[in-house]
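Participant: my_file-v8.cif is the file, holding mmCIF, C-alpha atoms:
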```cif
data_upload
loop_
_atom_site.group_PDB
_atom_site.id
_atom_site.type_symbol
_atom_site.label_atom_id
_atom_site.label_comp_id
_atom_site.auth_asym_id
_atom_site.auth_seq_id
_atom_site.Cartn_x
_atom_site.Cartn_y
_atom_site.Cartn_z
ATOM 1 C CA MET L 7 -2.659 -17.605 22.954
ATOM 2 C CA HIS L 8 1.129 -17.333 23.321
ATOM 3 C CA GLU L 9 2.527 -13.765 23.187
ATOM 4 C CA ALA L 10 -0.893 -12.289 22.503
ATOM 5 C CA LEU L 11 -1.263 -8.535 22.059
ATOM 6 C CA THR L 12 -4.272 -6.472 23.010
ATOM 7 C CA ILE L 13 -5.635 -4.113 20.388
ATOM 8 C CA GLY L 14 -4.033 -1.215 22.276
ATOM 9 C CA GLN L 15 -0.652 -2.927 22.253
ATOM 10 C CA LEU L 16 -0.939 -3.753 18.545
ATOM 11 C CA ALA L 17 -1.915 -0.141 17.824
ATOM 12 C CA ALA L 18 1.025 1.205 19.834
ATOM 13 C CA ARG L 19 3.542 -1.185 18.223
ATOM 14 C CA SER L 20 2.250 -0.737 14.659
ATOM 15 C CA GLY L 21 1.432 2.974 14.722
ATOM 16 C CA VAL L 22 -2.055 2.191 13.377
ATOM 17 C CA ALA L 23 -5.188 3.461 15.117
ATOM 18 C CA GLN L 24 -7.338 0.929 16.927
ATOM 19 C CA SER L 25 -10.277 1.841 14.692
ATOM 20 C CA ALA L 26 -8.179 1.003 11.604
ATOM 21 C CA LEU L 27 -7.155 -2.324 13.141
ATOM 22 C CA ARG L 28 -10.798 -3.197 13.764
ATOM 23 C CA TYR L 29 -11.528 -2.224 10.130
ATOM 24 C CA TYR L 30 -8.657 -4.406 8.867
ATOM 25 C CA GLU L 31 -10.031 -7.277 10.926
ATOM 26 C CA ARG L 32 -13.541 -6.738 9.546
ATOM 27 C CA LEU L 33 -12.085 -6.907 6.012
ATOM 28 C CA GLY L 34 -10.206 -10.111 6.835
ATOM 29 C CA LEU L 35 -6.760 -8.515 6.511
ATOM 30 C CA ILE L 36 -5.730 -9.428 10.069
ATOM 31 C CA ARG L 37 -7.033 -11.984 12.551
ATOM 32 C CA ALA L 38 -7.717 -11.841 16.259
ATOM 33 C CA GLU L 39 -8.802 -14.420 18.761
ATOM 34 C CA ARG L 40 -11.302 -13.526 21.464
ATOM 35 C CA THR L 41 -10.951 -13.951 25.200
ATOM 36 C CA GLY L 42 -13.766 -15.211 27.418
ATOM 37 C CA GLY L 43 -14.667 -11.544 27.916
ATOM 38 C CA ASN L 44 -14.824 -11.036 24.108
ATOM 39 C CA GLN L 45 -11.640 -8.933 24.004
ATOM 40 C CA ARG L 46 -9.414 -9.155 20.957
ATOM 41 C CA ARG L 47 -6.015 -10.789 21.228
ATOM 42 C CA TYR L 48 -3.591 -10.670 18.317
ATOM 43 C CA HIS L 49 -0.704 -13.016 17.654
ATOM 44 C CA ARG L 50 2.587 -11.123 17.389
ATOM 45 C CA GLY L 51 2.827 -12.203 13.721
ATOM 46 C CA GLU L 52 -0.049 -9.833 12.943
ATOM 47 C CA LEU L 53 2.452 -6.965 13.342
ATOM 48 C CA ARG L 54 4.076 -8.063 10.056
ATOM 49 C CA ARG L 55 0.732 -8.153 8.324
ATOM 50 C CA VAL L 56 -0.150 -4.653 9.566
ATOM 51 C CA ALA L 57 3.251 -3.344 8.421
ATOM 52 C CA PHE L 58 2.703 -4.951 5.019
ATOM 53 C CA ILE L 59 -0.771 -3.394 4.756
ATOM 54 C CA ARG L 60 0.553 0.079 5.581
ATOM 55 C CA ILE L 61 3.422 -0.126 3.105
ATOM 56 C CA ALA L 62 1.236 -1.534 0.331
ATOM 57 C CA GLN L 63 -1.338 1.219 0.870
ATOM 58 C CA GLN L 64 1.345 3.898 0.707
ATOM 59 C CA VAL L 65 2.377 2.729 -2.766
ATOM 60 C CA GLY L 66 -1.222 2.795 -3.964
ATOM 61 C CA ILE L 67 -2.332 -0.807 -3.650
ATOM 62 C CA SER L 68 -5.998 -1.158 -2.729
ATOM 63 C CA LEU L 69 -7.162 -2.961 0.386
ATOM 64 C CA GLU L 70 -8.938 -5.492 -1.849
ATOM 65 C CA GLU L 71 -5.659 -6.329 -3.607
ATOM 66 C CA ILE L 72 -3.867 -6.473 -0.259
ATOM 67 C CA ARG L 73 -6.472 -8.891 1.095
ATOM 68 C CA SER L 74 -6.100 -11.094 -1.971
ATOM 69 C CA ALA L 75 -2.326 -11.156 -1.493
ATOM 70 C CA LEU L 76 -2.574 -11.877 2.223
ATOM 71 C CA ASP L 77 -5.074 -14.662 1.533
ATOM 72 C CA SER L 78 -2.318 -16.432 -0.397
ATOM 73 C CA LEU L 79 -0.184 -16.624 2.750
ATOM 74 C CA PRO L 80 -0.469 -19.598 5.111
ATOM 75 C CA ALA L 81 -3.008 -19.126 7.893
ATOM 76 C CA SER L 82 -1.612 -21.877 10.083
ATOM 77 C CA ARG L 83 1.892 -20.439 10.525
ATOM 78 C CA THR L 84 3.873 -17.227 10.385
ATOM 79 C CA PRO L 85 4.822 -16.501 6.754
ATOM 80 C CA THR L 86 8.440 -17.216 5.862
ATOM 81 C CA ALA L 87 10.790 -15.049 3.833
ATOM 82 C CA ASP L 88 9.979 -17.252 0.811
ATOM 83 C CA ASP L 89 6.245 -16.647 1.311
ATOM 84 C CA TRP L 90 6.785 -12.880 1.338
ATOM 85 C CA ALA L 91 9.132 -13.071 -1.672
ATOM 86 C CA GLN L 92 6.493 -14.873 -3.747
ATOM 87 C CA LEU L 93 3.922 -12.293 -2.773
ATOM 88 C CA SER L 94 6.197 -9.370 -3.695
ATOM 89 C CA MET L 95 7.018 -10.912 -7.097
ATOM 90 C CA ALA L 96 3.344 -10.649 -8.028
ATOM 91 C CA TRP L 97 3.532 -6.856 -7.635
ATOM 92 C CA ARG L 98 7.062 -6.281 -8.944
ATOM 93 C CA ASP L 99 6.109 -5.043 -12.450
ATOM 94 C CA ARG L 100 3.398 -2.783 -11.086
ATOM 95 C CA LEU L 101 5.732 -1.284 -8.493
ATOM 96 C CA ASP L 102 8.488 -0.795 -11.083
ATOM 97 C CA GLU L 103 6.012 1.127 -13.268
ATOM 98 C CA LYS L 104 5.037 3.322 -10.308
ATOM 99 C CA ILE L 105 8.719 4.031 -9.664
ATOM 100 C CA ARG L 106 9.218 5.025 -13.319
ATOM 101 C CA LEU L 107 6.186 7.321 -13.143
ATOM 102 C CA LEU L 108 7.360 8.934 -9.901
ATOM 103 C CA ASN L 109 10.840 9.512 -11.345
ATOM 104 C CA ARG L 110 9.332 11.098 -14.445
ATOM 105 C CA LEU L 111 7.080 13.323 -12.352
ATOM 106 C CA ARG L 112 10.035 14.376 -10.193
ATOM 107 C CA ASP L 113 12.153 15.143 -13.234
ATOM 108 C CA ASP L 114 9.344 17.099 -14.943
ATOM 109 C CA LEU L 115 8.709 19.080 -11.769
ATOM 110 C CA ASP L 116 12.422 19.852 -11.397
ATOM 111 C CA SER L 117 12.205 21.844 -14.625
ATOM 112 C CA CYS L 118 9.100 23.654 -13.350
ATOM 113 C CA ILE L 119 10.406 24.712 -9.950
ATOM 114 C CA GLY L 120 12.532 27.566 -11.227
ATOM 115 C CA CYS L 121 10.411 28.228 -14.293
ATOM 116 C CA GLY L 122 7.424 30.034 -12.836
ATOM 117 C CA CYS L 123 5.783 29.342 -16.218
ATOM 118 C CA LEU L 124 7.382 32.395 -17.732
ATOM 119 C CA SER L 125 8.194 30.396 -20.838
ATOM 120 C CA LEU L 126 5.189 28.302 -21.803
ATOM 121 C CA SER L 127 6.757 27.552 -25.180
ATOM 122 C CA ARG L 128 9.298 25.323 -23.391
ATOM 123 C CA CYS L 129 6.995 23.889 -20.710
ATOM 124 C CA ALA L 130 6.834 20.086 -20.787
ATOM 125 C CA LEU L 131 3.388 20.114 -19.152
ATOM 126 C CA TYR L 132 1.718 22.877 -21.190
ATOM 127 C CA ASN L 133 -1.375 21.798 -23.147
ATOM 128 C CA PRO L 134 -2.595 24.802 -25.161
ATOM 129 C CA GLY L 135 -6.268 24.682 -26.067
ATOM 130 C CA ASP L 136 -6.660 21.404 -24.210
ATOM 131 C CA GLU L 137 -5.510 19.542 -27.328
ATOM 132 C CA LEU L 138 -4.976 16.320 -25.379
ATOM 133 C CA ALA L 139 -8.626 16.054 -24.270
ATOM 134 C CA GLY L 140 -9.284 13.748 -27.207
ATOM 135 C CA GLU L 141 -6.858 11.177 -25.787
ATOM 136 C CA GLY L 142 -8.919 10.672 -22.652
ATOM 137 C CA PRO L 143 -9.122 11.912 -19.066
ATOM 138 C CA GLY L 144 -6.269 12.617 -16.722
ATOM 139 C CA ALA L 145 -2.740 13.923 -16.985
ATOM 140 C CA ARG L 146 -2.041 12.787 -20.544
ATOM 141 C CA LEU L 147 1.507 14.179 -20.684
ATOM 142 C CA THR L 148 2.587 12.408 -17.527
ATOM 143 C CA LEU L 149 0.574 9.190 -17.315
ATOM 144 C CA PRO L 150 1.435 6.234 -19.530
ATOM 145 C CA ARG L 151 -0.582 6.263 -22.725
#
```
How does this structure look as C-alpha cells?
Facilitator:
Amino acid sequence: MHEALTIGQLAARSGVAQSALRYYERLGLIRAERTGGNQRRYHRGELRRVAFIRIAQQVGISLEEIRSALDSLPASRTPTADDWAQLSMAWRDRLDEKIRLLNRLRDDLDSCIGCGCLSLSRCALYNPGDELAGEGPGARLTLPR
C-alpha cells in the first residue's frame, strides 16, 4: 500500500486516539488494509475522512449521519473537491440553522452576563410558573418552536 500509515501515525497526524480510530473503522467510517502480520495500514486519504468526522461531530452531527455521508463518497479513489462540495450541500440548511441558534444563544447570554438576574421582569429567559411546559420539553424560549 503506497504511503501507508500505521494506526499510531494516523493517530499522531489526526489528533484522534487509536481507540477512536479502531471504533471509526468498526463503524465503517474509515478503512484500513491489513499486513501479513494483521497490522492496520491506512491510506493517507483517510486523514481527510478523520478530519471530516471530527468536524462533523463538533457541530452535532451523529456518527450514523456521518457514515451515511461518507458512504456517498467514492471508495475507489480519493474524494475530489466536487465530491466534498456535494456532501456539504446536503447539510447546509441544517448547519445554517445551528449557526442561527448559536448566535441567538450568544446574544441572549450577552444580556444575562451583567444582569445577575436582578431584574427578572426584563429577563428574556425567565419562565415564571413554568408556563411553557405545555409547549413540550426543552428550552422553549431558545429552541425553534
Participant: How many Å lie between CA of Asn109 in chain L and CA of Glu70 in chain L, rounded to one decimal?
Facilitator: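 Taking CA of Asn109 in chain L and CA of Glu70 in chain L, their separation equals 26.6 Å.
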Participant: Which residues would end up in the selection if the PyMOL selection byres ((chain L and resi 34) around 10) were applied here, given that I need the answer as a PyMOL selection string?
Facilitator: chain L and resi 28-33+35-38+70+73-74+76-77
Participant: For Ile61 in chain L, work out the shell of residues within 12 Å, counting all atoms listed in the file and skipping chain neighbours fewer than 5 positions away, then give it as a PyMOL selection string.
Facilitator: chain L and resi 20+22+54-56+66-69+72+94+101
Participant: Mind pulling up the distance from CA of Leu79 in chain L to CA of His49 in chain L?
Facilitator: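 CA of Leu79 in chain L lies at a distance of 15.3 Å from CA of His49 in chain L.
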Participant: Is it possible to get the axis-aligned box enclosing range 57-62 of chain L (all listed atoms, 4 Å extra per side) as JSON, with centre and edge lengths in Å rounded to one decimal?
Facilitator:
```
{"center_x": 1.3, "center_y": -2.4, "center_z": 4.4, "size_x": 12.2, "size_y": 13.0, "size_z": 16.1}
```
Participant: Quick one: everything within 12 Å of Glu39 in chain L, counting all atoms listed in the file, minus sequence neighbours fewer than 2 positions away in the same chain. Send it as number ranges by chain.
Facilitator: L: 7-8, 10-13, 31, 36-37, 41-50, 52
